[in-house]
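A.B. asks: Sharing data03.cif (mmCIF, C-alpha atoms) below.
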data_run
#
loop_
_atom_site.label_atom_id
_atom_site.label_comp_id
_atom_site.auth_asym_id
_atom_site.auth_seq_id
_atom_site.Cartn_x
_atom_site.Cartn_y
_atom_site.Cartn_z
CA MET X 1 189.65 11.37 -37.07
CA THR X 2 186.38 12.61 -35.57
CA THR X 3 184.04 9.90 -34.27
CA THR X 4 180.77 9.25 -36.12
CA GLY X 5 178.92 10.23 -32.95
CA ALA X 6 180.55 13.66 -33.00
CA LEU X 7 179.84 14.04 -36.73
CA LYS X 8 176.17 13.31 -36.08
CA GLU X 9 176.07 15.95 -33.35
CA PHE X 10 177.60 18.52 -35.72
CA ALA X 11 175.01 17.67 -38.37
CA ALA X 12 172.07 17.78 -35.95
CA ALA X 13 173.17 21.15 -34.57
CA ALA X 14 173.40 22.61 -38.09
CA ILE X 15 169.90 21.36 -38.90
CA ASP X 16 168.55 22.86 -35.69
CA ALA X 17 170.15 26.18 -36.57
CA LYS X 18 168.27 26.24 -39.91
CA ARG X 19 165.04 24.88 -38.45
CA ASP X 20 162.81 27.83 -39.34
CA TRP X 21 164.26 28.10 -42.85
CA LEU X 22 163.68 24.40 -43.56
CA ILE X 23 160.12 24.39 -42.24
CA GLY X 24 159.50 27.57 -44.22
CA ILE X 25 160.51 25.78 -47.43
CA ALA X 26 158.08 22.95 -46.71
CA LYS X 27 155.28 25.40 -45.97
CA SER X 28 156.05 27.39 -49.12
CA ALA X 29 155.73 24.23 -51.23
CA LEU X 30 152.43 23.50 -49.47
CA GLN X 31 151.03 26.78 -50.79
CA THR X 32 151.94 26.09 -54.44
CA PRO X 33 150.85 22.48 -55.08
CA GLU X 34 151.42 21.16 -58.59
CA THR X 35 150.78 17.77 -60.17
CA GLY X 36 153.37 15.58 -61.85
CA PHE X 37 155.60 17.00 -64.58
CA ARG X 38 154.01 20.44 -64.02
CA GLU X 39 155.98 21.36 -60.87
CA ALA X 40 157.54 24.57 -62.18
CA LYS X 41 157.08 26.64 -59.00
CA THR X 42 158.11 23.85 -56.67
CA SER X 43 161.17 23.05 -58.77
CA ARG X 44 162.15 26.70 -58.74
CA LEU X 45 161.79 26.76 -54.94
CA VAL X 46 164.22 23.84 -54.60
CA HIS X 47 166.60 25.37 -57.16
CA GLU X 48 166.66 28.66 -55.24
CA SER X 49 167.18 26.85 -51.94
CA LEU X 50 170.11 24.82 -53.28
CA THR X 51 171.57 27.97 -54.80
CA GLU X 52 171.29 29.74 -51.44
CA LEU X 53 173.19 26.85 -49.84
CA GLY X 54 175.84 27.01 -52.57
CA ILE X 55 175.20 23.45 -53.74
CA PRO X 56 175.83 22.88 -57.48
CA HIS X 57 172.97 21.15 -59.24
CA GLU X 58 171.30 20.38 -62.55
CA ASN X 59 167.74 21.44 -63.39
CA GLY X 60 165.22 20.10 -65.89
CA ILE X 61 165.80 16.36 -65.46
CA ALA X 62 162.59 14.58 -66.53
CA LEU X 63 161.16 18.05 -67.25
CA THR X 64 161.14 19.46 -63.69
CA GLY X 65 163.56 17.32 -61.66
CA ILE X 66 166.75 18.45 -59.94
CA LYS X 67 169.97 16.69 -58.96
CA GLY X 68 172.80 18.22 -56.95
CA TYR X 69 175.92 16.89 -55.25
CA LEU X 70 177.86 17.19 -52.04
CA LYS X 71 181.35 15.76 -52.33
CA GLY X 72 183.05 14.17 -49.35
CA GLY X 73 186.67 14.55 -48.37
CA SER X 74 187.67 11.48 -50.38
CA SER X 75 186.21 9.29 -53.11
CA GLY X 76 183.72 6.52 -52.46
CA PRO X 77 180.13 5.43 -53.10
CA THR X 78 177.26 7.79 -53.90
CA VAL X 79 174.20 7.94 -51.65
CA ALA X 80 171.03 9.49 -53.12
CA LEU X 81 168.71 11.43 -50.81
CA ILE X 82 165.32 11.92 -52.46
CA GLY X 83 162.36 14.26 -52.08
CA GLU X 84 159.28 14.43 -54.29
CA LEU X 85 158.05 17.60 -55.98
CA ASP X 86 154.48 16.77 -56.90
CA SER X 87 151.09 16.84 -55.23
CA LEU X 88 147.77 15.07 -55.71
CA LYS X 89 144.44 16.45 -56.87
CA VAL X 90 142.07 16.53 -53.90
CA GLN X 91 139.06 18.80 -54.34
CA GLY X 92 138.08 20.34 -51.01
CA HIS X 93 141.47 20.07 -49.32
CA PRO X 94 142.11 23.24 -47.29
CA HIS X 95 145.37 23.87 -49.18
CA ALA X 96 144.07 22.89 -52.63
CA ASP X 97 144.74 25.15 -55.58
CA PRO X 98 141.32 26.64 -56.44
CA ASP X 99 141.91 26.27 -60.17
CA THR X 100 143.51 22.83 -60.44
CA ALA X 101 142.47 21.08 -57.16
CA ALA X 102 146.14 20.18 -56.68
CA ALA X 103 146.90 19.64 -52.99
CA HIS X 104 149.69 18.22 -50.85
CA ALA X 105 147.50 15.55 -49.27
CA CYS X 106 150.41 13.12 -48.98
CA GLY X 107 153.18 15.19 -47.42
CA HIS X 108 155.62 15.54 -50.32
CA HIS X 109 156.20 19.17 -49.38
CA ALA X 110 157.71 17.97 -46.10
CA GLN X 111 160.14 15.72 -47.98
CA LEU X 112 161.73 18.73 -49.64
CA GLY X 113 162.46 20.21 -46.21
CA MET X 114 163.88 16.86 -45.08
CA VAL X 115 166.31 16.53 -48.01
CA LEU X 116 167.48 20.13 -47.78
CA GLY X 117 167.82 19.68 -44.02
CA ALA X 118 169.96 16.58 -44.45
CA ALA X 119 172.10 18.56 -46.89
CA VAL X 120 172.51 21.35 -44.33
CA GLY X 121 173.76 18.82 -41.78
CA LEU X 122 176.07 16.96 -44.14
CA MET X 123 177.70 20.03 -45.66
CA VAL X 124 179.15 21.12 -42.31
CA PRO X 125 182.90 21.22 -43.15
CA GLU X 126 183.89 19.01 -40.22
CA VAL X 127 181.33 16.43 -41.39
CA LEU X 128 181.88 16.51 -45.14
CA ALA X 129 185.66 16.18 -44.77
CA GLU X 130 185.21 12.86 -42.98
CA LEU X 131 182.94 11.32 -45.61
CA SER X 132 184.23 9.11 -48.42
CA GLY X 133 181.95 9.48 -51.41
CA ARG X 134 179.22 11.77 -52.60
CA ILE X 135 175.67 12.67 -51.62
CA ALA X 136 173.30 13.08 -54.58
CA LEU X 137 170.42 15.38 -53.65
CA MET X 138 167.38 14.65 -55.80
CA ALA X 139 164.08 16.50 -56.14
CA VAL X 140 162.04 14.17 -58.33
CA PRO X 141 158.74 14.87 -60.15
CA ALA X 142 155.56 12.89 -60.61
CA GLU X 143 155.42 10.19 -57.93
CA GLU X 144 151.63 10.28 -57.81
CA PHE X 145 150.61 8.27 -60.87
CA ILE X 146 147.74 10.48 -62.01
CA GLU X 147 146.64 12.42 -65.11
CA LEU X 148 147.57 9.45 -67.27
CA GLN X 149 146.24 10.92 -70.49
CA TYR X 150 148.37 14.06 -70.03
CA ARG X 151 151.49 12.00 -69.39
CA TRP X 152 150.77 9.71 -72.32
CA GLY X 153 150.57 12.81 -74.49
CA LEU X 154 154.02 13.88 -73.27
CA ARG X 155 155.33 10.46 -74.21
CA GLN X 156 153.73 10.68 -77.66
CA GLU X 157 155.48 14.02 -78.10
CA GLY X 158 158.83 12.45 -77.20
CA LYS X 159 159.15 14.41 -73.95
CA LEU X 160 158.90 11.34 -71.72
CA GLY X 161 159.77 7.68 -72.01
CA LEU X 162 158.31 6.36 -68.77
CA LEU X 163 155.48 8.08 -66.94
CA SER X 164 156.75 8.71 -63.40
CA GLY X 165 159.62 10.78 -62.09
CA LYS X 166 161.93 8.11 -60.68
CA GLN X 167 161.21 5.86 -63.65
CA GLU X 168 162.38 8.65 -65.94
CA PHE X 169 165.39 9.39 -63.72
CA ILE X 170 166.36 5.73 -64.14
CA ARG X 171 165.82 5.80 -67.91
CA LEU X 172 167.72 9.06 -68.38
CA GLY X 173 170.70 7.85 -66.35
CA ALA X 174 170.26 10.02 -63.26
CA PHE X 175 170.69 6.91 -61.08
CA ASP X 176 173.62 5.52 -63.07
CA ASP X 177 176.17 6.85 -60.57
CA VAL X 178 174.07 6.09 -57.46
CA ASP X 179 175.04 3.18 -55.22
CA MET X 180 172.16 3.39 -52.71
CA ALA X 181 169.15 5.60 -52.05
CA MET X 182 166.82 6.69 -49.27
CA MET X 183 163.85 8.92 -48.61
CA THR X 184 161.33 9.36 -45.79
CA HIS X 185 157.57 9.87 -46.11
CA THR X 186 155.14 11.42 -43.65
CA SER X 187 152.47 9.24 -42.05
CA ALA X 188 149.26 9.96 -40.16
CA SER X 189 149.10 6.53 -38.53
CA PRO X 190 149.02 6.76 -34.70
CA ALA X 191 151.29 3.69 -34.61
CA GLU X 192 153.89 5.70 -36.54
CA SER X 193 153.81 8.90 -34.52
CA LYS X 194 157.61 8.86 -34.54
CA PHE X 195 159.18 6.57 -37.17
CA SER X 196 158.65 3.23 -38.92
CA VAL X 197 160.84 1.17 -41.22
CA GLY X 198 160.59 -2.02 -43.25
CA GLY X 199 157.70 -3.65 -45.04
CA THR X 200 156.97 -3.34 -48.73
CA SER X 201 154.49 -1.62 -51.05
CA ASN X 202 152.16 -2.82 -53.77
CA GLY X 203 153.27 -2.76 -57.35
CA HIS X 204 150.80 -1.60 -59.98
CA LEU X 205 149.80 -1.19 -63.59
CA ALA X 206 147.77 1.72 -64.92
CA LYS X 207 144.94 1.59 -67.44
CA HIS X 208 143.56 4.30 -69.66
CA VAL X 209 140.36 3.02 -71.25
CA ARG X 210 138.12 4.56 -73.92
CA PHE X 211 134.66 3.18 -74.69
CA ILE X 212 133.50 4.32 -78.13
CA GLY X 213 129.81 4.12 -78.99
CA ARG X 214 127.51 6.15 -81.23
CA ALA X 215 125.68 9.38 -80.39
CA ALA X 216 121.93 9.74 -80.85
CA HIS X 217 119.09 11.83 -79.42
CA ALA X 218 118.53 10.48 -75.92
CA GLY X 219 114.82 11.30 -75.99
CA SER X 220 113.57 10.66 -79.53
CA SER X 221 115.92 7.98 -80.85
CA PRO X 222 118.09 6.37 -78.17
CA HIS X 223 117.80 3.08 -80.06
CA ARG X 224 119.93 4.57 -82.82
CA GLY X 225 122.83 5.12 -80.46
CA VAL X 226 125.40 2.89 -78.78
CA ASN X 227 125.74 4.00 -75.17
CA ALA X 228 129.41 4.12 -74.22
CA LEU X 229 128.54 5.12 -70.63
CA GLN X 230 126.39 2.04 -70.16
CA ALA X 231 129.20 -0.08 -71.58
CA ALA X 232 131.52 1.43 -68.98
CA MET X 233 128.96 0.78 -66.21
CA VAL X 234 128.64 -2.87 -67.20
CA ALA X 235 132.43 -3.14 -67.22
CA LEU X 236 132.78 -1.53 -63.78
CA ASN X 237 130.12 -3.77 -62.31
CA ALA X 238 131.90 -6.76 -63.81
CA ILE X 239 135.17 -5.59 -62.23
CA ASN X 240 133.43 -5.44 -58.86
CA THR X 241 132.37 -9.07 -59.21
CA GLN X 242 136.01 -10.11 -59.45
CA ARG X 243 136.94 -9.04 -55.93
CA GLU X 244 136.12 -12.42 -54.39
CA THR X 245 138.51 -14.11 -56.83
CA PHE X 246 141.57 -12.46 -55.25
CA ARG X 247 143.54 -13.87 -52.33
CA ASP X 248 143.83 -11.60 -49.31
CA ALA X 249 147.58 -12.27 -49.16
CA ASP X 250 148.03 -10.76 -52.65
CA ALA X 251 146.63 -7.36 -51.52
CA VAL X 252 144.99 -6.84 -54.93
CA ARG X 253 143.19 -3.54 -55.50
CA LEU X 254 141.21 -2.61 -58.62
CA HIS X 255 140.08 0.99 -58.66
CA GLY X 256 139.70 4.01 -60.89
CA ILE X 257 137.64 6.99 -62.01
CA LEU X 258 135.62 8.05 -65.03
CA THR X 259 137.47 11.05 -66.44
CA SER X 260 134.85 11.66 -69.14
CA GLY X 261 131.24 10.48 -69.10
CA GLY X 262 129.67 12.00 -72.18
CA SER X 263 129.15 15.45 -73.62
CA ALA X 264 125.46 16.28 -73.10
CA ALA X 265 122.61 14.82 -71.06
CA ASN X 266 120.28 14.71 -74.07
CA SER X 267 122.72 12.82 -76.28
CA ILE X 268 123.59 9.14 -75.95
CA PRO X 269 127.24 9.17 -74.75
CA ALA X 270 129.45 8.27 -77.67
CA GLU X 271 132.75 8.36 -75.82
CA VAL X 272 133.59 7.63 -72.18
CA GLU X 273 137.04 7.47 -70.62
CA TYR X 274 138.19 5.57 -67.53
CA GLU X 275 141.52 5.73 -65.69
CA GLY X 276 142.21 2.77 -63.45
CA ARG X 277 144.80 0.94 -61.40
CA VAL X 278 145.64 -2.69 -60.82
CA ARG X 279 147.64 -3.13 -57.62
CA GLY X 280 149.15 -6.19 -56.01
CA ILE X 281 152.01 -7.38 -53.86
CA SER X 282 153.66 -9.41 -56.65
CA ALA X 283 154.06 -9.43 -60.41
CA GLU X 284 152.04 -12.64 -60.62
CA ALA X 285 149.11 -11.17 -58.67
CA ILE X 286 149.14 -8.00 -60.78
CA THR X 287 149.24 -9.95 -64.05
CA ASP X 288 146.30 -12.12 -62.99
CA ALA X 289 144.22 -9.14 -61.82
CA ALA X 290 145.03 -7.11 -64.94
CA SER X 291 143.88 -9.97 -67.14
CA LYS X 292 140.58 -10.11 -65.27
CA MET X 293 140.12 -6.34 -65.54
CA ASP X 294 140.70 -6.47 -69.30
CA ARG X 295 138.18 -9.28 -69.59
CA CYS X 296 135.59 -7.16 -67.77
CA LEU X 297 136.30 -4.15 -69.98
CA ARG X 298 135.72 -6.25 -73.08
CA ALA X 299 132.53 -7.62 -71.52
CA GLY X 300 131.13 -4.11 -71.15
CA ALA X 301 131.86 -3.38 -74.80
CA LEU X 302 130.38 -6.68 -75.91
CA ALA X 303 127.17 -6.17 -73.92
CA LEU X 304 126.42 -2.78 -75.49
CA GLY X 305 128.07 -3.30 -78.86
CA SER X 306 130.58 -0.52 -78.36
CA LYS X 307 134.28 -0.53 -79.07
CA VAL X 308 136.85 -0.31 -76.25
CA GLU X 309 140.47 0.83 -76.41
CA ILE X 310 142.65 -0.36 -73.54
CA LEU X 311 146.01 1.31 -72.94
CA THR X 312 148.14 -0.44 -70.31
CA VAL X 313 150.99 1.58 -68.81
CA PRO X 314 153.74 0.12 -66.61
CA GLY X 315 153.38 1.36 -63.06
CA TYR X 316 155.56 0.65 -60.06
CA LEU X 317 157.39 -2.35 -58.66
CA PRO X 318 156.99 -3.40 -55.00
CA MET X 319 159.37 -1.75 -52.54
CA VAL X 320 162.43 -3.72 -51.38
CA ASN X 321 163.84 -2.23 -48.17
CA ASN X 322 167.53 -2.98 -47.68
CA GLU X 323 168.06 -4.68 -44.33
CA PRO X 324 171.41 -3.16 -43.25
CA MET X 325 170.26 0.34 -44.18
CA THR X 326 166.96 -0.27 -42.38
CA LYS X 327 168.82 -1.28 -39.20
CA GLY X 328 171.05 1.78 -39.46
CA PHE X 329 168.11 4.15 -39.90
CA LYS X 330 166.29 2.58 -36.94
CA ALA X 331 169.34 2.99 -34.72
CA ASN X 332 169.57 6.66 -35.60
CA CYS X 333 165.86 7.25 -34.93
CA GLU X 334 166.34 5.76 -31.48
CA ARG X 335 169.47 7.84 -30.95
CA LEU X 336 167.34 10.90 -31.64
CA MET X 337 164.15 9.99 -29.79
CA GLY X 338 164.85 7.08 -27.49
CA HIS X 339 164.30 3.32 -27.43
CA GLY X 340 161.13 2.22 -29.23
CA ALA X 341 160.94 5.37 -31.35
CA CYS X 342 161.01 3.35 -34.56
CA LYS X 343 158.48 0.63 -35.38
CA VAL X 344 159.82 -2.19 -37.58
CA TYR X 345 157.57 -4.03 -40.05
CA PRO X 346 158.25 -7.45 -41.60
CA ASP X 347 159.17 -7.61 -45.27
CA SER X 348 155.77 -9.07 -46.17
CA ARG X 349 153.72 -6.21 -44.72
CA THR X 350 152.29 -3.85 -47.35
CA ARG X 351 150.42 -0.60 -46.85
CA GLY X 352 148.48 -1.15 -50.09
CA GLY X 353 149.84 1.97 -51.77
CA SER X 354 152.63 2.15 -54.33
CA THR X 355 155.83 4.15 -54.82
CA ASP X 356 158.29 4.46 -57.66
CA LEU X 357 161.10 4.15 -55.14
CA GLY X 358 160.15 0.48 -55.48
CA ASP X 359 161.55 0.64 -59.00
CA VAL X 360 164.78 2.20 -57.72
CA SER X 361 165.04 -0.45 -54.97
CA HIS X 362 165.20 -3.22 -57.59
CA ILE X 363 168.32 -1.61 -59.08
CA VAL X 364 170.23 -0.27 -56.02
CA PRO X 365 169.86 -0.84 -52.26
CA ALA X 366 167.23 1.56 -50.88
CA ILE X 367 165.02 2.31 -47.90
CA HIS X 368 161.70 4.13 -47.60
CA PRO X 369 160.98 4.81 -43.91
CA TYR X 370 158.00 6.78 -42.58
CA THR X 371 157.78 9.56 -40.03
CA GLY X 372 154.84 10.91 -38.06
CA GLY X 373 153.80 14.54 -38.02
CA ALA X 374 150.55 14.30 -39.99
CA THR X 375 146.89 13.72 -39.21
CA GLY X 376 143.92 12.62 -41.29
CA SER X 377 143.63 10.10 -44.10
CA GLY X 378 146.34 9.89 -46.75
CA HIS X 379 145.13 11.37 -50.06
CA GLY X 380 142.08 12.73 -48.23
CA THR X 381 140.75 16.24 -47.65
CA ASP X 382 141.78 16.03 -43.99
CA TYR X 383 145.42 14.98 -44.48
CA LEU X 384 147.52 17.71 -42.89
CA VAL X 385 151.08 17.99 -41.62
CA ASN X 386 150.72 19.70 -38.26
CA ASP X 387 153.97 18.77 -36.46
CA TYR X 388 156.78 20.07 -38.64
CA GLU X 389 159.41 19.17 -36.07
CA GLN X 390 158.54 15.49 -36.59
CA ALA X 391 157.66 15.82 -40.28
CA VAL X 392 160.78 17.74 -41.36
CA ILE X 393 163.46 18.30 -38.73
CA ASN X 394 163.70 14.90 -37.06
CA PRO X 395 163.74 12.93 -40.34
CA ALA X 396 166.32 15.35 -41.77
CA LYS X 397 168.55 14.46 -38.83
CA ALA X 398 167.87 10.71 -39.18
CA ILE X 399 168.67 10.84 -42.90
CA ALA X 400 171.88 12.82 -42.31
CA MET X 401 172.98 10.48 -39.51
CA THR X 402 172.36 7.39 -41.63
CA THR X 403 174.33 8.92 -44.47
CA ILE X 404 177.20 9.57 -42.05
CA ASP X 405 177.11 5.92 -40.99
CA LEU X 406 177.30 4.88 -44.63
CA LEU X 407 180.13 7.17 -45.74
CA ALA X 408 182.25 7.73 -42.64
CA ASN X 409 185.19 5.45 -41.78
CA ARG X 410 186.16 5.26 -45.45
CA ALA X 411 182.61 4.31 -46.38
CA ALA X 412 182.98 0.90 -44.73
CA MET X 413 179.23 0.47 -44.16
CA ALA X 414 178.29 1.61 -47.67
CA LYS X 415 180.82 -0.79 -49.18
CA GLU X 416 179.43 -3.62 -47.07
CA VAL X 417 175.88 -2.79 -48.19
CA THR X 418 176.81 -2.86 -51.86
CA ALA X 419 178.86 -6.03 -51.45
CA LYS X 420 176.06 -7.95 -49.74
CA SER X 421 173.03 -6.52 -51.57
CA LYS X 422 172.66 -7.99 -55.02
CA PRO X 423 170.26 -5.94 -57.18
CA ARG X 424 167.12 -7.70 -58.37
CA MET X 425 167.79 -6.45 -61.89
CA THR X 426 170.10 -4.25 -63.91
CA LYS X 427 169.00 -0.97 -65.43
CA LYS X 428 168.91 -2.69 -68.83
CA GLN X 429 166.69 -5.47 -67.50
CA TYR X 430 164.43 -2.94 -65.77
CA LEU X 431 163.92 -0.88 -68.92
CA LYS X 432 163.24 -4.02 -70.95
CA LEU X 433 160.62 -5.13 -68.40
CA GLN X 434 158.86 -1.78 -68.33
CA THR X 435 158.87 -1.48 -72.12
CA LYS X 436 157.24 -4.91 -72.40
CA ARG X 437 154.49 -3.85 -69.99
CA PHE X 438 153.21 -1.14 -72.35
CA SER X 439 150.34 -2.41 -74.48
CA GLU X 440 147.48 -1.07 -76.57
CA GLU X 441 144.42 -3.13 -77.46
CA VAL X 442 141.33 -2.30 -79.49
CA TYR X 443 138.39 -4.64 -78.91
CA ASP X 444 135.47 -4.27 -81.29
CA PRO X 445 132.71 -6.90 -80.96
CA ALA X 446 130.75 -5.62 -83.97
CA PRO X 447 132.25 -7.87 -86.66
CA ARG X 448 131.64 -10.99 -84.61
CA ALA X 449 128.08 -9.88 -83.79
CA SER X 450 127.40 -9.15 -87.43
CA ARG X 451 128.59 -12.62 -88.53
CA SER X 452 126.30 -14.26 -85.99
CA GLY X 453 123.28 -12.28 -87.12
CA LEU X 454 123.01 -10.27 -83.91
CA ALA X 455 123.79 -6.84 -85.31
#
Would you mind writing the file's structure down as structure tokens?
C.D. replies:
Amino acid sequence: MTTTGALKEFAAAAIDAKRDWLIGIAKSALQTPETGFREAKTSRLVHESLTELGIPHENGIALTGIKGYLKGGSSGPTVALIGELDSLKVQGHPHADPDTAAAHACGHHAQLGMVLGAAVGLMVPEVLAELSGRIALMAVPAEEFIELQYRWGLRQEGKLGLLSGKQEFIRLGAFDDVDMAMMTHTSASPAESKFSVGGTSNGHLAKHVRFIGRAAHAGSSPHRGVNALQAAMVALNAINTQRETFRDADAVRLHGILTSGGSAANSIPAEVEYEGRVRGISAEAITDAASKMDRCLRAGALALGSKVEILTVPGYLPMVNNEPMTKGFKANCERLMGHGACKVYPDSRTRGGSTDLGDVSHIVPAIHPYTGGATGSGHGTDYLVNDYEQAVINPAKAIAMTTIDLLANRAAMAKEVTAKSKPRMTKKQYLKLQTKRFSEEVYDPAPRASRSGLA
């Protein structure tokens, strides 16, 4: 039997040998950014890369997702290695698509190189023969929870059930045979120039809101209209007043954009749309903040006499990083780059952002470490991956090495992880929770106003 140390050296050498190919894949994805559930080119790139490696896989999961397998020398648990296909929309980013504003301002393109790199290391015959179990290689769509109206339309058409990639993978059964999962994300934080592990993320809910007023000539007869834009402005100002009601420890964030603000400057806006988020570190904090946001939205409608439609969509659950897997990943980062190469955060520390790997982590043990290699501000025009060795190659090695730890020696570590890590919920419980979080409300103050003589 080959030692795990030797297996890790074999894997790292194979990744080094394919270094240029792996970085080339990441850079190719950078040049064709696509938003969630539209990632046709990026999905094809991953499909072609897996085909070139001879790895069998399934396409079209949750519209654009991919899942392939590497099978070890004997049976055992399944470890999922995950990369994300989608980009953001960041107008002005140097790599933005000129037509759609889609841009990889979060580093998902690097994740694809990482996962394929880990596969390259793990499929070395001497390595794979010593592993007990399978490696599920997943390229998952739509992590960035944007374009809500488009996704809601897909759901209305029966093409989606839940509105993010990993949520849909869970619903469709793509995680049914997975025992644990991991992925690594790029970071531009100077404190994370190498690696970081641990901490959590905010959960969130999404809101799609439509204020419905009445059009009228803005110059000659504005009094005949009901200004939906002003209703939205009152609502947004009311939301801003709520910020002092939130505890710092709950990391609550209320934010959003107007996706439609009227049709013509000389017509009183009759319809205005808003897409927003309610984030927080716990379900209780999110529920409280969402209730306050809804109250403010109704207040805007009441003040102007408009109607407001509030669609609430279940977003993500907070991330739960598995402790044994976290320790194993840290040890491998330090094996690669020396003592102190991996910063460890306490479970209570949140970055403020959200990830749908949080949903996965409530069902199976999972970790979501970060690697350096980027500069700028996440989701900003200046966010760029400029050190592909650290953004792709080193994390590919760390992922492969951690997978070897889990599945070597008859998968002793993986079996220990599953034995000691009780899921927070079953798939059935998760789907029930997310289904309950969908809601649609129509608030129309007109009848009440009419009864009170205020119409």
A.B. asks: Between CA of Val234 (chain X) and CA of Thr287 (chain X), what is the spacing in Å?
C.D. replies: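 Between these atoms lies a distance of 22.0 Å.
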A.B. asks: Please identify all polymer residues lying at most 12 Å from the point (181.2, 4.7, -46.3) (file coordinates), using only C-alpha atoms, and present the result as a ChimeraX atom specification.
C.D. replies: /X:4,72-79,128,130-135,179-180,325,402-418
A.B. asks: CA of Cys296 (chain X) to CA of Leu258 (chain X): how many Å, to one decimal?
C.D. replies: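 Separation of CA of Cys296 (chain X) and CA of Leu258 (chain X): 15.5 Å.
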A.B. asks: Give as a list in words the set of residues within 12 Å of the point (133.4, -7.5, -67.1), where distances use the file's coordinates and all atoms listed in the file.
C.D. replies: Ala231, Ala232, Met233, Val234, Ala235, Leu236, Asn237, Ala238, Ile239, Asn240, Thr241, Gln242, Arg243, Ala290, Ser291, Lys292, Met293, Asp294, Arg295, Cys296, Leu297, Arg298, Ala299, Gly300, Ala301, Leu302, Ala303 and Leu304 of chain X
A.B. asks: Pick out the closest residue to Ser193 (chain X) from this set: X:Ser164, X:Thr371, X:Gln149, X:Ser439. Count all atoms listed in the file.
C.D. replies: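 Among the listed residues, X:Thr371 lies closest to Ser193 (chain X).
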A.B. asks: Using the chain letters and numbering of this document, enumerate as a PyMOL selection string the residues selected by the PyMOL selection byres ((chain X and resi 383) around 9).
C.D. replies: chain X and resi 93+104-107+188+374-382+384-385
A.B. asks: Grab the residues selected above and save them as an mmCIF file, in the frame of the given file with C-alpha atoms.
C.D. replies:
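The file below, again-v8.cif, is the result:
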data_model
loop_
_atom_site.group_PDB
_atom_site.id
_atom_site.type_symbol
_atom_site.label_atom_id
_atom_site.label_comp_id
_atom_site.auth_asym_id
_atom_site.auth_seq_id
_atom_site.Cartn_x
_atom_site.Cartn_y
_atom_site.Cartn_z
ATOM 1 C CA HIS X 93 141.470 20.070 -49.320
ATOM 2 C CA HIS X 104 149.690 18.220 -50.850
ATOM 3 C CA ALA X 105 147.500 15.550 -49.270
ATOM 4 C CA CYS X 106 150.410 13.120 -48.980
ATOM 5 C CA GLY X 107 153.180 15.190 -47.420
ATOM 6 C CA ALA X 188 149.260 9.960 -40.160
ATOM 7 C CA ALA X 374 150.550 14.300 -39.990
ATOM 8 C CA THR X 375 146.890 13.720 -39.210
ATOM 9 C CA GLY X 376 143.920 12.620 -41.290
ATOM 10 C CA SER X 377 143.630 10.100 -44.100
ATOM 11 C CA GLY X 378 146.340 9.890 -46.750
ATOM 12 C CA HIS X 379 145.130 11.370 -50.060
ATOM 13 C CA GLY X 380 142.080 12.730 -48.230
ATOM 14 C CA THR X 381 140.750 16.240 -47.650
ATOM 15 C CA ASP X 382 141.780 16.030 -43.990
ATOM 16 C CA LEU X 384 147.520 17.710 -42.890
ATOM 17 C CA VAL X 385 151.080 17.990 -41.620
#
A.B. asks: Got a sec to resolve the PyMOL selection byres ((chain X and resi 366) around 6) on this structure and send the residues as a list in words?
C.D. replies: Met180, Ala181, Met182, Asn321, Asn322, Ser361, Pro365 and Ile367 of chain X
A.B. asks: Report the distance between CA of Glu389 (chain X) and CA of Lys8 (chain X) in Å, rounded to one decimal place.
C.D. replies: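 Atom-to-atom, CA of Glu389 (chain X) to CA of Lys8 (chain X), that is 17.8 Å.
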A.B. asks: The PyMOL selection byres ((chain X and resi 368) around 9) - which residues does that actually catch in the file I just gave you? List them as a list of chain:residue names.
C.D. replies: X:Ala181, X:Met182, X:Met183, X:Thr184, X:His185, X:Val197, X:Gly198, X:Thr200, X:Met319, X:Val320, X:Asn321, X:Thr326, X:Leu357, X:Gly358, X:Ala366, X:Ile367, X:Pro369, X:Tyr370
A.B. asks: Given only C-alpha atoms as the basis, pick out the residue of X:Gly219, X:Gly65, X:Gly372, X:Glu9 nearest to Lys41 (chain X).
C.D. replies: X:Gly65
A.B. asks: I'd like to know which of X:Glu143, X:Asp20, X:Glu441, X:Asp97 is closest to Ile82 (chain X), using only C-alpha atoms.
C.D. replies: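 Residue with the minimum atom-to-atom distance to Ile82 (chain X): X:Glu143.
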A.B. asks: Considering all atoms listed in the file, state which residue in the set X:His204, X:Lys27, X:Arg253, X:His339 is at the smallest distance from Pro318 (chain X).
C.D. replies: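 Going through X:His204, X:Lys27, X:Arg253, X:His339 one by one, the smallest distance to Pro318 (chain X) is for X:His204.
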A.B. asks: Which of these residues is nearest to Gln434 (chain X), using only C-alpha atoms: X:Glu244, X:Glu168, X:Asp177, X:Glu192?
C.D. replies: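 When distances to Gln434 (chain X) are compared using only C-alpha atoms, the smallest one comes from X:Glu168.
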